[in-house]
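Undergrad: So I've got this file, input.cif, and it contains mmCIF, C-alpha atoms:
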data_protein
loop_
_atom_site.label_atom_id
_atom_site.label_comp_id
_atom_site.auth_asym_id
_atom_site.auth_seq_id
_atom_site.Cartn_x
_atom_site.Cartn_y
_atom_site.Cartn_z
CA MET A 1432 -75.32 -58.24 -134.15
CA PRO A 1433 -72.61 -56.52 -136.23
CA THR A 1434 -73.77 -55.22 -139.59
CA ASP A 1435 -72.47 -57.32 -142.46
CA LEU A 1436 -74.78 -55.77 -145.07
CA LEU A 1437 -75.85 -52.15 -145.12
CA TYR A 1438 -78.62 -51.60 -147.66
CA VAL A 1439 -79.20 -48.01 -148.81
CA ILE A 1440 -82.33 -46.97 -150.72
CA THR A 1441 -83.89 -43.69 -151.79
CA ASP A 1442 -87.15 -44.28 -149.90
CA LEU A 1443 -89.20 -47.03 -148.26
CA ASN A 1444 -92.60 -46.16 -149.69
CA LEU A 1445 -94.74 -48.91 -151.16
CA GLY A 1446 -93.30 -49.79 -154.56
CA GLY A 1447 -91.46 -52.46 -156.47
CA VAL A 1448 -87.88 -51.71 -155.37
CA PRO A 1449 -88.59 -51.10 -151.63
CA LEU A 1450 -90.63 -54.32 -151.51
CA HIS A 1451 -87.82 -56.14 -153.32
CA LEU A 1452 -85.38 -54.81 -150.72
CA HIS A 1453 -87.67 -55.95 -147.91
CA ARG A 1454 -87.69 -59.52 -149.22
CA LEU A 1455 -83.92 -59.47 -149.78
CA ALA A 1456 -83.09 -58.07 -146.34
CA VAL A 1457 -85.26 -60.67 -144.61
CA ALA A 1458 -83.78 -63.48 -146.71
CA MET A 1459 -80.20 -62.42 -145.97
CA ARG A 1460 -80.97 -62.10 -142.26
CA LYS A 1461 -82.28 -65.67 -142.28
CA ARG A 1462 -79.00 -66.72 -143.90
CA GLY A 1463 -77.08 -65.35 -140.94
CA TYR A 1464 -76.06 -61.88 -142.16
CA GLY A 1465 -76.35 -58.90 -139.87
CA VAL A 1466 -78.53 -56.48 -141.86
CA THR A 1467 -79.25 -52.76 -141.53
CA VAL A 1468 -81.34 -50.70 -143.97
CA VAL A 1469 -80.89 -46.95 -144.51
CA SER A 1470 -83.48 -44.80 -146.28
CA LEU A 1471 -82.41 -41.41 -147.62
CA SER A 1472 -85.97 -40.20 -147.04
CA PRO A 1473 -88.03 -40.39 -143.83
CA PRO A 1474 -89.19 -43.97 -143.13
CA GLY A 1475 -92.18 -45.12 -145.17
CA PRO A 1476 -94.58 -48.08 -144.86
CA VAL A 1477 -91.95 -50.63 -145.88
CA ALA A 1478 -89.78 -49.52 -142.94
CA GLU A 1479 -92.46 -50.78 -140.56
CA ARG A 1480 -92.50 -54.15 -142.34
CA LEU A 1481 -88.73 -54.41 -142.08
CA ARG A 1482 -88.75 -53.60 -138.36
CA ASN A 1483 -91.51 -56.13 -137.76
CA ASP A 1484 -89.21 -58.70 -139.36
CA GLY A 1485 -86.33 -57.79 -137.07
CA VAL A 1486 -84.36 -55.59 -139.48
CA THR A 1487 -82.84 -52.35 -138.16
CA VAL A 1488 -83.95 -49.31 -140.18
CA LEU A 1489 -82.21 -45.92 -140.13
CA SER A 1490 -82.99 -42.72 -142.02
CA CYS A 1491 -81.07 -39.75 -143.41
CA GLU A 1492 -84.32 -37.72 -143.21
CA GLY A 1493 -83.79 -36.27 -146.67
CA ALA A 1494 -86.28 -33.90 -148.27
CA GLY A 1495 -86.00 -35.14 -151.87
CA GLY A 1496 -83.55 -35.98 -154.59
CA ARG A 1497 -81.83 -32.57 -154.44
CA ASP A 1498 -81.25 -32.66 -150.68
CA PHE A 1499 -77.48 -33.07 -150.57
CA ARG A 1500 -77.51 -33.11 -146.77
CA VAL A 1501 -78.12 -36.86 -147.00
CA VAL A 1502 -74.49 -37.43 -148.02
CA PRO A 1503 -72.86 -36.32 -144.74
CA ARG A 1504 -75.68 -37.99 -142.80
CA LEU A 1505 -75.05 -41.25 -144.64
CA ALA A 1506 -71.31 -40.84 -144.09
CA ARG A 1507 -71.95 -40.53 -140.36
CA ILE A 1508 -74.01 -43.74 -140.43
CA LEU A 1509 -71.19 -45.54 -142.26
CA ARG A 1510 -68.74 -44.49 -139.53
CA GLU A 1511 -71.09 -45.60 -136.76
CA VAL A 1512 -72.30 -48.87 -138.26
CA GLN A 1513 -69.00 -50.01 -139.82
CA PRO A 1514 -70.59 -52.42 -142.33
CA ARG A 1515 -68.57 -55.04 -144.15
CA LEU A 1516 -70.42 -54.37 -147.42
CA VAL A 1517 -72.78 -51.66 -148.72
CA HIS A 1518 -75.46 -52.40 -151.32
CA SER A 1519 -77.46 -49.43 -152.63
CA PHE A 1520 -80.59 -49.26 -154.79
CA LEU A 1521 -81.84 -46.56 -157.17
CA PHE A 1522 -80.05 -43.57 -158.65
CA HIS A 1523 -80.04 -41.14 -155.70
CA ALA A 1524 -79.08 -43.79 -153.16
CA ASN A 1525 -76.33 -45.07 -155.44
CA LEU A 1526 -74.85 -41.57 -155.83
CA ALA A 1527 -75.13 -40.75 -152.14
CA SER A 1528 -73.47 -44.04 -151.23
CA LYS A 1529 -70.56 -43.42 -153.60
CA PHE A 1530 -69.88 -39.95 -152.20
CA ALA A 1531 -70.39 -40.97 -148.56
CA ALA A 1532 -68.07 -43.95 -148.98
CA GLN A 1533 -65.39 -41.67 -150.41
CA ALA A 1534 -65.83 -39.22 -147.54
CA VAL A 1535 -65.13 -41.84 -144.86
CA GLY A 1536 -62.61 -43.96 -146.78
CA PHE A 1537 -64.95 -46.92 -147.21
CA PRO A 1538 -63.44 -48.97 -150.07
CA ALA A 1539 -65.18 -48.79 -153.43
CA THR A 1540 -64.54 -52.52 -153.78
CA ARG A 1541 -67.03 -53.15 -150.96
CA LEU A 1542 -69.79 -51.01 -152.47
CA ILE A 1543 -72.37 -52.57 -154.80
CA CYS A 1544 -74.87 -50.37 -156.64
CA GLU A 1545 -78.08 -51.54 -158.27
CA ILE A 1546 -80.29 -50.03 -160.98
CA GLN A 1547 -83.72 -51.48 -161.66
CA THR A 1548 -85.06 -49.41 -164.53
CA VAL A 1549 -84.34 -48.68 -168.17
CA GLU A 1550 -84.02 -44.90 -167.84
CA VAL A 1551 -85.60 -43.04 -170.76
CA GLU A 1552 -86.90 -39.87 -169.11
CA ARG A 1553 -83.93 -38.55 -167.11
CA ARG A 1554 -81.03 -39.09 -169.49
CA TRP A 1555 -78.73 -37.12 -167.22
CA HIS A 1556 -78.88 -40.09 -164.83
CA LEU A 1557 -77.03 -42.12 -167.46
CA TRP A 1558 -74.43 -39.37 -167.84
CA VAL A 1559 -73.79 -39.43 -164.08
CA ASP A 1560 -73.67 -43.23 -164.02
CA ARG A 1561 -71.06 -43.18 -166.78
CA ARG A 1562 -68.80 -40.86 -164.78
CA THR A 1563 -69.17 -42.55 -161.41
CA TYR A 1564 -69.34 -46.28 -162.14
CA ASP A 1565 -65.74 -46.74 -160.96
CA LEU A 1566 -66.68 -45.52 -157.47
CA CYS A 1567 -68.27 -48.91 -156.76
CA ARG A 1568 -67.26 -52.54 -157.20
CA VAL A 1569 -70.03 -53.47 -159.61
CA THR A 1570 -73.39 -52.19 -160.86
CA ILE A 1571 -76.20 -54.73 -160.79
CA GLY A 1572 -79.04 -54.80 -163.31
CA ASN A 1573 -82.07 -56.93 -162.47
CA SER A 1574 -82.91 -57.88 -166.06
CA PRO A 1575 -81.08 -58.35 -169.35
CA SER A 1576 -82.74 -55.16 -170.65
CA VAL A 1577 -81.34 -53.08 -167.77
CA VAL A 1578 -77.82 -54.47 -168.20
CA ARG A 1579 -77.85 -53.84 -171.96
CA HIS A 1580 -79.17 -50.31 -171.45
CA LEU A 1581 -76.44 -49.48 -168.93
CA ALA A 1582 -73.77 -50.82 -171.28
CA ASP A 1583 -75.11 -49.13 -174.41
CA HIS A 1584 -76.35 -45.80 -173.02
CA ALA A 1585 -74.44 -45.23 -169.78
CA GLY A 1586 -71.20 -46.62 -171.20
CA ILE A 1587 -70.50 -48.84 -168.20
CA PRO A 1588 -68.08 -51.61 -169.26
CA MET A 1589 -69.61 -55.09 -169.25
CA ASP A 1590 -66.99 -56.33 -166.78
CA ARG A 1591 -68.33 -53.77 -164.29
CA LEU A 1592 -71.93 -54.90 -164.73
CA ARG A 1593 -73.63 -57.92 -163.17
CA LEU A 1594 -77.00 -59.45 -164.00
CA VAL A 1595 -78.96 -60.65 -160.97
CA ARG A 1596 -82.37 -61.65 -162.23
CA GLY A 1597 -85.29 -60.51 -160.13
CA GLY A 1598 -87.81 -63.05 -158.97
CA VAL A 1599 -91.06 -63.78 -157.21
CA ASP A 1600 -92.37 -66.32 -154.70
CA PRO A 1601 -95.15 -68.07 -156.64
CA THR A 1602 -96.43 -70.10 -153.68
CA ALA A 1603 -97.55 -67.03 -151.73
CA ILE A 1604 -99.51 -65.79 -154.74
CA GLU A 1605 -101.03 -69.17 -155.57
CA ARG A 1606 -102.34 -69.49 -152.00
CA ALA A 1607 -104.08 -66.09 -151.96
CA ALA A 1608 -107.85 -66.38 -152.06
CA PRO A 1609 -109.48 -64.35 -154.87
CA VAL A 1610 -110.98 -61.09 -153.69
CA ASP A 1611 -114.77 -60.81 -153.69
CA ARG A 1612 -115.34 -58.80 -156.86
CA ARG A 1613 -118.65 -57.49 -155.59
CA ALA A 1614 -116.72 -55.69 -152.85
CA LEU A 1615 -114.97 -53.78 -155.64
CA GLY A 1616 -118.29 -52.63 -157.08
CA LEU A 1617 -118.36 -55.21 -159.91
CA LEU A 1618 -121.56 -57.04 -160.84
CA ASP A 1619 -121.62 -60.80 -161.41
CA ASP A 1620 -121.35 -60.47 -165.20
CA ALA A 1621 -118.41 -58.05 -165.06
CA LYS A 1622 -115.10 -58.76 -166.80
CA MET A 1623 -112.20 -57.44 -164.76
CA ILE A 1624 -109.09 -55.90 -166.29
CA PHE A 1625 -106.54 -55.34 -163.56
CA TRP A 1626 -103.41 -53.19 -163.22
CA ALA A 1627 -101.19 -52.61 -160.16
CA GLY A 1628 -98.31 -50.23 -159.56
CA ARG A 1629 -97.48 -46.55 -159.21
CA LEU A 1630 -99.69 -43.93 -160.89
CA ASP A 1631 -96.80 -42.43 -162.83
CA PRO A 1632 -96.49 -41.03 -166.39
CA VAL A 1633 -94.16 -43.84 -167.47
CA LYS A 1634 -96.86 -46.46 -166.78
CA GLY A 1635 -99.05 -45.60 -169.79
CA LEU A 1636 -102.29 -45.56 -167.81
CA GLU A 1637 -103.95 -42.88 -169.92
CA ILE A 1638 -103.56 -45.24 -172.90
CA LEU A 1639 -105.10 -48.11 -170.95
CA ILE A 1640 -108.09 -45.98 -169.96
CA ASP A 1641 -108.56 -44.92 -173.59
CA ALA A 1642 -108.43 -48.59 -174.62
CA VAL A 1643 -111.10 -49.55 -172.11
CA ALA A 1644 -113.31 -46.73 -173.38
CA LEU A 1645 -112.84 -48.04 -176.94
CA LEU A 1646 -114.31 -51.41 -175.97
CA HIS A 1647 -117.80 -49.89 -175.54
CA ASP A 1648 -118.85 -52.73 -173.26
CA ARG A 1649 -120.58 -52.03 -169.94
CA THR A 1650 -119.41 -55.39 -168.58
CA VAL A 1651 -115.70 -54.57 -169.01
CA HIS A 1652 -114.28 -52.88 -165.91
CA LEU A 1653 -110.79 -51.59 -165.23
CA VAL A 1654 -109.48 -51.91 -161.66
CA LEU A 1655 -106.37 -49.90 -160.74
CA ALA A 1656 -104.47 -50.65 -157.52
CA GLY A 1657 -101.91 -48.04 -156.52
CA ASP A 1658 -101.43 -44.36 -155.94
CA GLY A 1659 -99.27 -41.57 -157.31
CA SER A 1660 -99.00 -38.18 -158.93
CA LEU A 1661 -101.42 -38.91 -161.78
CA ARG A 1662 -104.42 -39.80 -159.64
CA GLU A 1663 -106.32 -36.56 -160.21
CA SER A 1664 -105.58 -36.23 -163.93
CA LEU A 1665 -106.55 -39.84 -164.59
CA GLN A 1666 -109.85 -39.34 -162.79
CA THR A 1667 -110.47 -36.27 -164.96
CA GLN A 1668 -109.78 -38.36 -168.08
CA VAL A 1669 -112.15 -41.11 -166.90
CA ASP A 1670 -114.95 -38.62 -166.27
CA ALA A 1671 -114.43 -36.93 -169.65
CA LEU A 1672 -114.64 -40.27 -171.48
CA GLY A 1673 -117.86 -41.22 -169.69
CA VAL A 1674 -116.47 -44.43 -168.18
CA THR A 1675 -116.58 -43.40 -164.53
CA SER A 1676 -118.73 -46.39 -163.61
CA ARG A 1677 -116.30 -48.80 -165.29
CA VAL A 1678 -112.94 -47.59 -163.92
CA HIS A 1679 -112.20 -48.20 -160.26
CA PHE A 1680 -109.35 -46.52 -158.38
CA LEU A 1681 -108.57 -48.64 -155.32
CA GLY A 1682 -105.56 -46.70 -154.02
CA SER A 1683 -102.73 -48.59 -152.32
CA ARG A 1684 -103.66 -52.19 -151.52
CA GLN A 1685 -102.10 -54.93 -149.45
CA ASP A 1686 -104.00 -57.73 -151.24
CA VAL A 1687 -102.63 -57.55 -154.78
CA PRO A 1688 -102.25 -61.38 -155.04
CA SER A 1689 -105.96 -61.76 -154.21
CA LEU A 1690 -106.83 -59.15 -156.83
CA LEU A 1691 -104.67 -60.95 -159.40
CA ASN A 1692 -106.44 -64.21 -158.68
CA ALA A 1693 -109.82 -62.53 -159.28
CA CYS A 1694 -109.10 -60.76 -162.59
CA ASP A 1695 -109.78 -61.86 -166.17
CA VAL A 1696 -106.90 -59.95 -167.79
CA PHE A 1697 -103.83 -58.22 -166.37
CA ALA A 1698 -102.92 -55.22 -168.54
CA PHE A 1699 -99.52 -53.53 -168.34
CA PRO A 1700 -99.10 -50.69 -170.87
CA SER A 1701 -95.82 -49.14 -169.65
CA ARG A 1702 -93.49 -46.99 -171.70
CA THR A 1703 -90.45 -48.62 -170.10
CA GLU A 1704 -89.65 -50.89 -167.16
CA GLY A 1705 -86.69 -52.55 -165.50
CA LEU A 1706 -88.15 -55.82 -164.29
CA PRO A 1707 -91.67 -55.03 -163.08
CA ASN A 1708 -92.65 -56.82 -159.90
CA ALA A 1709 -96.34 -56.44 -160.72
CA LEU A 1710 -95.82 -58.30 -163.98
CA LEU A 1711 -93.85 -61.06 -162.24
CA GLU A 1712 -96.70 -61.49 -159.76
CA ALA A 1713 -99.31 -61.55 -162.54
CA MET A 1714 -97.35 -64.28 -164.32
CA ALA A 1715 -97.02 -66.28 -161.09
CA ALA A 1716 -100.79 -66.02 -160.64
CA GLY A 1717 -101.31 -67.47 -164.12
CA CYS A 1718 -103.09 -64.37 -165.41
CA ALA A 1719 -103.83 -63.74 -169.06
CA ILE A 1720 -101.46 -60.83 -169.69
CA VAL A 1721 -101.47 -58.00 -172.22
CA ALA A 1722 -98.29 -55.92 -172.04
CA THR A 1723 -96.35 -53.45 -174.13
CA ASP A 1724 -93.33 -54.73 -176.04
CA VAL A 1725 -90.80 -52.54 -174.25
CA PRO A 1726 -87.56 -53.17 -172.31
CA GLY A 1727 -88.25 -54.97 -169.05
CA ASN A 1728 -91.62 -56.29 -170.18
CA ARG A 1729 -90.10 -58.17 -173.08
CA ASP A 1730 -87.71 -59.96 -170.72
CA LEU A 1731 -90.78 -61.59 -169.21
CA VAL A 1732 -93.61 -61.71 -171.75
CA GLU A 1733 -93.18 -63.66 -174.98
CA ASN A 1734 -95.95 -62.89 -177.45
CA GLU A 1735 -98.49 -65.71 -177.88
CA ARG A 1736 -96.66 -67.89 -175.32
CA THR A 1737 -96.71 -66.13 -171.96
CA GLY A 1738 -98.99 -63.24 -172.92
CA LEU A 1739 -99.88 -60.87 -175.72
CA THR A 1740 -97.61 -57.94 -176.51
CA VAL A 1741 -98.51 -54.71 -178.27
CA PRO A 1742 -96.55 -51.57 -179.24
CA TYR A 1743 -96.40 -48.80 -176.68
CA ASN A 1744 -98.90 -45.97 -177.23
CA ASP A 1745 -101.04 -48.01 -179.67
CA THR A 1746 -104.49 -47.71 -178.12
CA ASP A 1747 -106.23 -49.71 -180.85
CA ALA A 1748 -103.78 -52.62 -180.54
CA LEU A 1749 -104.09 -52.61 -176.75
CA ALA A 1750 -107.89 -52.64 -176.89
CA ALA A 1751 -107.87 -55.44 -179.50
CA ALA A 1752 -105.51 -57.61 -177.44
CA ILE A 1753 -107.62 -57.12 -174.31
CA ARG A 1754 -110.78 -57.96 -176.26
CA ARG A 1755 -109.18 -61.08 -177.68
CA SER A 1756 -108.07 -62.27 -174.24
CA LEU A 1757 -111.53 -61.67 -172.79
CA ASP A 1758 -113.37 -63.42 -175.63
CA ASP A 1759 -111.11 -66.48 -176.08
CA SER A 1760 -111.05 -68.41 -172.81
CA ALA A 1761 -108.88 -71.18 -174.25
CA LEU A 1762 -106.26 -68.61 -175.29
CA ALA A 1763 -106.38 -66.91 -171.89
CA GLU A 1764 -105.90 -70.23 -170.12
CA ARG A 1765 -103.01 -71.26 -172.37
CA LEU A 1766 -101.21 -67.95 -171.93
CA GLY A 1767 -101.72 -68.07 -168.16
CA ARG A 1768 -100.20 -71.55 -167.98
CA GLY A 1769 -97.26 -70.41 -170.08
CA ALA A 1770 -96.65 -67.43 -167.81
CA ALA A 1771 -96.73 -69.54 -164.64
CA ASP A 1772 -94.37 -72.10 -166.21
CA ALA A 1773 -91.92 -69.33 -167.17
CA ILE A 1774 -91.83 -68.12 -163.56
CA GLU A 1775 -91.09 -71.62 -162.32
CA ARG A 1776 -88.27 -72.08 -164.83
CA HIS A 1777 -86.58 -68.69 -164.72
CA TRP A 1778 -87.89 -66.21 -162.16
CA ARG A 1779 -88.19 -67.78 -158.70
CA ILE A 1780 -87.12 -65.52 -155.84
CA ASP A 1781 -85.01 -68.19 -154.11
CA ARG A 1782 -82.69 -68.24 -157.13
CA THR A 1783 -82.47 -64.45 -156.97
CA HIS A 1784 -81.43 -64.56 -153.33
CA ASP A 1785 -78.88 -67.30 -154.07
CA ALA A 1786 -77.32 -65.06 -156.72
CA TYR A 1787 -77.06 -62.12 -154.28
CA ALA A 1788 -75.54 -64.35 -151.60
CA ASN A 1789 -72.96 -65.66 -154.05
CA LEU A 1790 -72.03 -62.11 -155.07
CA TYR A 1791 -71.71 -60.99 -151.44
CA ALA A 1792 -69.46 -63.96 -150.67
CA GLU A 1793 -67.32 -63.15 -153.71
CA VAL A 1794 -66.89 -59.51 -152.68
CA LEU A 1795 -66.22 -60.25 -149.01
CA ALA A 1796 -63.74 -63.03 -149.80
CA ALA A 1797 -61.43 -60.75 -151.78
CA ARG A 1798 -58.39 -60.22 -149.58
CA ARG A 1799 -56.76 -57.54 -151.69
CA PRO A 1800 -59.56 -55.90 -153.67
CA ILE A 1801 -58.31 -53.88 -156.61
CA ILE A 1802 -59.75 -50.36 -156.79
CA PRO A 1803 -59.92 -49.32 -160.47
CA ASN A 1804 -57.94 -46.26 -161.51
#
Please, can you express the file's structure as structure tokens?

TA:
Amino acid sequence: MPTDLLYVITDLNLGGVPLHLHRLAVAMRKRGYGVTVVSLSPPGPVAERLRNDGVTVLSCEGAGGRDFRVVPRLARILREVQPRLVHSFLFHANLASKFAAQAVGFPATRLICEIQTVEVERRWHLWVDRRTYDLCRVTIGNSPSVVRHLADHAGIPMDRLRLVRGGVDPTAIERAAPVDRRALGLLDDAKMIFWAGRLDPVKGLEILIDAVALLHDRTVHLVLAGDGSLRESLQTQVDALGVTSRVHFLGSRQDVPSLLNACDVFAFPSRTEGLPNALLEAMAAGCAIVATDVPGNRDLVENERTGLTVPYNDTDALAAAIRRSLDDSALAERLGRGAADAIERHWRIDRTHDAYANLYAEVLAARRPIIPN
């Protein structure tokens, strides 16, 4: 089948954006598009999922963000595949796609770039985005916070930005059977605080561990699902605080919905987010949520209605909100219902896929696309 949509992404390791791409690629294939996915890095676990679902996966075999060899390799793929439209995700894939498209004469009006984070650590990314936004048709943000950040801090004009809200499939999460908590090492009287994602400095996990230690309650356990660069330092922190028996590192898991359906509180203490998939899934599961009031999170969690919000880096406030959610079952139930209702009203994945399909049709229907000066 000819390739209508060529998706380009930095890597296909387990994480929010690669999993989002997996769902999107499968959905567009079901809608009749010919789909190919290109990873700048060697294929990761999500590549296997894509191939199992009938999606062709190619790789530029890059060695990291500074490996500029991916640009000519991607250019070669563009020549060979001849896609009708290219849609890239994440900073490095966006930049590589812009340069590769220029190298082979692929029109900027058929290139869509997407950014899914409010960048606060690598400000130079925003500087580059400001100077290259006109090398693509439009830049997508997956939440209002991302779009506002790109307009205010990257200087991308609003008419070159497009909001496509992320989403989640609540039915798949609702159907997941709760995990047996005893298999996690939790006793019958344990109260389970759960977090899922990438062990990364921006996630605020050292603050969450401090908050759990502040609770001074042997029945309160923190369960962390995910892996990343902070694994060793977080374990050192846990041991130093004397809460080794109450903090459980599960590593990467395939059963996050089952873990969500078994927890008492979902805690999400990030410094910044774009539109966190883990938080969407926790809301769909009807969890009692405690999250930081930061961009991305605040697009989803409304304090006292769909969860409790606290300032970033406020350990005392985080511990107090967790304690309140654990002790007040009526509050936890009300917040969980509010979160699930919000997903149903605003954040269903089928609406997300409809929005992408409409954008693709709009771009492909343009007979004489205007390339900005």

Undergrad: Would you kindly translate the PyMOL selection byres ((chain A and resi 1557-1566) around 8) into the concrete residues it picks from this file, as an mmCIF file with C-alpha atoms, keeping the file's coordinate frame?

TA:
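Saved the output as out_19.cif:
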data_model
loop_
_atom_site.group_PDB
_atom_site.id
_atom_site.type_symbol
_atom_site.label_atom_id
_atom_site.label_comp_id
_atom_site.auth_asym_id
_atom_site.auth_seq_id
_atom_site.Cartn_x
_atom_site.Cartn_y
_atom_site.Cartn_z
ATOM 1 C CA LYS A 1529 -70.560 -43.420 -153.600
ATOM 2 C CA ALA A 1539 -65.180 -48.790 -153.430
ATOM 3 C CA GLU A 1550 -84.020 -44.900 -167.840
ATOM 4 C CA ARG A 1553 -83.930 -38.550 -167.110
ATOM 5 C CA ARG A 1554 -81.030 -39.090 -169.490
ATOM 6 C CA TRP A 1555 -78.730 -37.120 -167.220
ATOM 7 C CA HIS A 1556 -78.880 -40.090 -164.830
ATOM 8 C CA CYS A 1567 -68.270 -48.910 -156.760
ATOM 9 C CA ARG A 1568 -67.260 -52.540 -157.200
ATOM 10 C CA VAL A 1569 -70.030 -53.470 -159.610
ATOM 11 C CA THR A 1570 -73.390 -52.190 -160.860
ATOM 12 C CA LEU A 1581 -76.440 -49.480 -168.930
ATOM 13 C CA HIS A 1584 -76.350 -45.800 -173.020
ATOM 14 C CA ALA A 1585 -74.440 -45.230 -169.780
ATOM 15 C CA GLY A 1586 -71.200 -46.620 -171.200
ATOM 16 C CA ILE A 1587 -70.500 -48.840 -168.200
ATOM 17 C CA ARG A 1591 -68.330 -53.770 -164.290
ATOM 18 C CA PRO A 1803 -59.920 -49.320 -160.470
ATOM 19 C CA ASN A 1804 -57.940 -46.260 -161.510
#

Undergrad: Around all the atoms of segment 1554-1566 of chain A listed in the file, draw an axis-aligned box and extend it by 4 Å on each of the six sides; I want its centre and edge lengths in Å to one decimal, as JSON.

TA:
{"center_x": -73.4, "center_y": -41.9, "center_z": -163.5, "size_x": 23.3, "size_y": 17.6, "size_z": 20.0}

Undergrad: When you look at Leu1739 of chain A with a cut-off of 6 Å (counting all atoms listed in the file), what residues show up, excluding the ones that are within fewer than 4 positions of it in the same chain? I need them as JSON, numbers by chain.

TA: {"A": [1721, 1734, 1735]}

Undergrad: Pull the closest atom pair for each residue of segment 1553-1648 of chain A that gets at most 12 Å from segment 1769-1785 of chain A, along with the distance in Å to one decimal, counting all atoms listed in the file, ordering rows by chain and then ascending residue number, as a Markdown table.

TA:
| residue | atom | partner | partner_atom | distance |
| --- | --- | --- | --- | --- |
| A:Asn1573 | CA | A:Thr1783 | CA | 9.3 |
| A:Ser1574 | CA | A:Trp1778 | CA | 10.5 |
| A:Leu1594 | CA | A:Thr1783 | CA | 10.2 |
| A:Val1595 | CA | A:Thr1783 | CA | 6.5 |
| A:Arg1596 | CA | A:Thr1783 | CA | 6.0 |
| A:Gly1597 | CA | A:Thr1783 | CA | 5.8 |
| A:Gly1598 | CA | A:Ile1780 | CA | 4.0 |
| A:Val1599 | CA | A:Ile1780 | CA | 4.5 |
| A:Asp1600 | CA | A:Ile1780 | CA | 5.4 |
| A:Pro1601 | CA | A:Arg1779 | CA | 7.3 |
| A:Thr1602 | CA | A:Arg1779 | CA | 9.9 |
| A:Ala1603 | CA | A:Ile1780 | CA | 11.3 |
| A:Ile1604 | CA | A:Ala1771 | CA | 10.9 |
| A:Glu1605 | CA | A:Ala1771 | CA | 10.0 |

Undergrad: Restrict the calculation to all atoms listed in the file, then for each residue of segment 1485-1585 of chain A with any atom at most 12 Å from an atom of segment 1441-1453 of chain A give the closest atom pair and their distance in Å to one decimal, rows by chain and rising residue number, as CSV.

TA:
residue,atom,partner,partner_atom,distance
A:Gly1485,CA,A:His1453,CA,11.1
A:Val1486,CA,A:His1453,CA,9.1
A:Thr1487,CA,A:His1453,CA,11.5
A:Val1488,CA,A:Leu1443,CA,9.9
A:Leu1489,CA,A:Leu1443,CA,10.8
A:Ser1490,CA,A:Asp1442,CA,9.0
A:Cys1491,CA,A:Thr1441,CA,9.7
A:Glu1492,CA,A:Asp1442,CA,9.8
A:Gly1493,CA,A:Thr1441,CA,9.0
A:Ala1494,CA,A:Asp1442,CA,10.5
A:Gly1495,CA,A:Thr1441,CA,8.8
A:Gly1496,CA,A:Thr1441,CA,8.2
A:Arg1497,CA,A:Thr1441,CA,11.6
A:Asp1498,CA,A:Thr1441,CA,11.4
A:Val1501,CA,A:Thr1441,CA,10.1
A:Val1502,CA,A:Thr1441,CA,11.9
A:Leu1505,CA,A:Thr1441,CA,11.6
A:His1518,CA,A:Leu1452,CA,10.2
A:Ser1519,CA,A:Thr1441,CA,8.7
A:Phe1520,CA,A:Thr1441,CA,7.1
A:Leu1521,CA,A:Thr1441,CA,6.4
A:Phe1522,CA,A:Thr1441,CA,7.9
A:His1523,CA,A:Thr1441,CA,6.1
A:Ala1524,CA,A:Thr1441,CA,5.0
A:Asn1525,CA,A:Thr1441,CA,8.5
A:Leu1526,CA,A:Thr1441,CA,10.1
A:Ala1527,CA,A:Thr1441,CA,9.2
A:Ser1528,CA,A:Thr1441,CA,10.4
A:Glu1545,CA,A:Val1448,CA,10.2
A:Ile1546,CA,A:Val1448,CA,9.6
A:Gln1547,CA,A:Val1448,CA,7.5
A:Thr1548,CA,A:Val1448,CA,9.9
A:Asn1573,CA,A:Val1448,CA,10.6

Undergrad: Can you work out the spacing between atom CA of Ser1576 of chain A and atom CA of Val1741 of chain A in Å, to one decimal?

TA: 17.5 Å

Undergrad: Hey, can you check how far atom CA of Leu1509 of chain A sits from atom CA of Asn1789 of chain A?

TA: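 The value is 23.4 Å.
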
Undergrad: Restrict the calculation to all atoms listed in the file, then for each residue of segment 1624-1675 of chain A with any atom at most 8 Å from an atom of segment 1694-1712 of chain A give the closest atom pair and their distance in Å to one decimal, rows by chain and rising residue number, as JSON lines.

TA:
{"residue": "A:Ile1624", "atom": "CA", "partner": "A:Val1696", "partner_atom": "CA", "distance": 4.8}
{"residue": "A:Phe1625", "atom": "CA", "partner": "A:Phe1697", "partner_atom": "CA", "distance": 4.9}
{"residue": "A:Trp1626", "atom": "CA", "partner": "A:Ala1698", "partner_atom": "CA", "distance": 5.7}
{"residue": "A:Ala1627", "atom": "CA", "partner": "A:Ala1709", "partner_atom": "CA", "distance": 6.2}
{"residue": "A:Gly1628", "atom": "CA", "partner": "A:Ala1709", "partner_atom": "CA", "distance": 6.6}
{"residue": "A:Val1633", "atom": "CA", "partner": "A:Arg1702", "partner_atom": "CA", "distance": 5.3}
{"residue": "A:Lys1634", "atom": "CA", "partner": "A:Ser1701", "partner_atom": "CA", "distance": 4.1}
{"residue": "A:Gly1635", "atom": "CA", "partner": "A:Ser1701", "partner_atom": "CA", "distance": 4.8}
{"residue": "A:Leu1636", "atom": "CA", "partner": "A:Pro1700", "partner_atom": "CA", "distance": 6.8}
{"residue": "A:Ile1638", "atom": "CA", "partner": "A:Pro1700", "partner_atom": "CA", "distance": 7.3}
{"residue": "A:Leu1639", "atom": "CA", "partner": "A:Pro1700", "partner_atom": "CA", "distance": 6.5}

Undergrad: Hey, can you spit out that residue selection with C-alpha atoms as a CSV table (one decimal), keeping the file's coordinate frame?

TA:
chain,number,residue,atom,x,y,z
A,1624,ILE,CA,-109.1,-55.9,-166.3
A,1625,PHE,CA,-106.5,-55.3,-163.6
A,1626,TRP,CA,-103.4,-53.2,-163.2
A,1627,ALA,CA,-101.2,-52.6,-160.2
A,1628,GLY,CA,-98.3,-50.2,-159.6
A,1633,VAL,CA,-94.2,-43.8,-167.5
A,1634,LYS,CA,-96.9,-46.5,-166.8
A,1635,GLY,CA,-99.0,-45.6,-169.8
A,1636,LEU,CA,-102.3,-45.6,-167.8
A,1638,ILE,CA,-103.6,-45.2,-172.9
A,1639,LEU,CA,-105.1,-48.1,-171.0
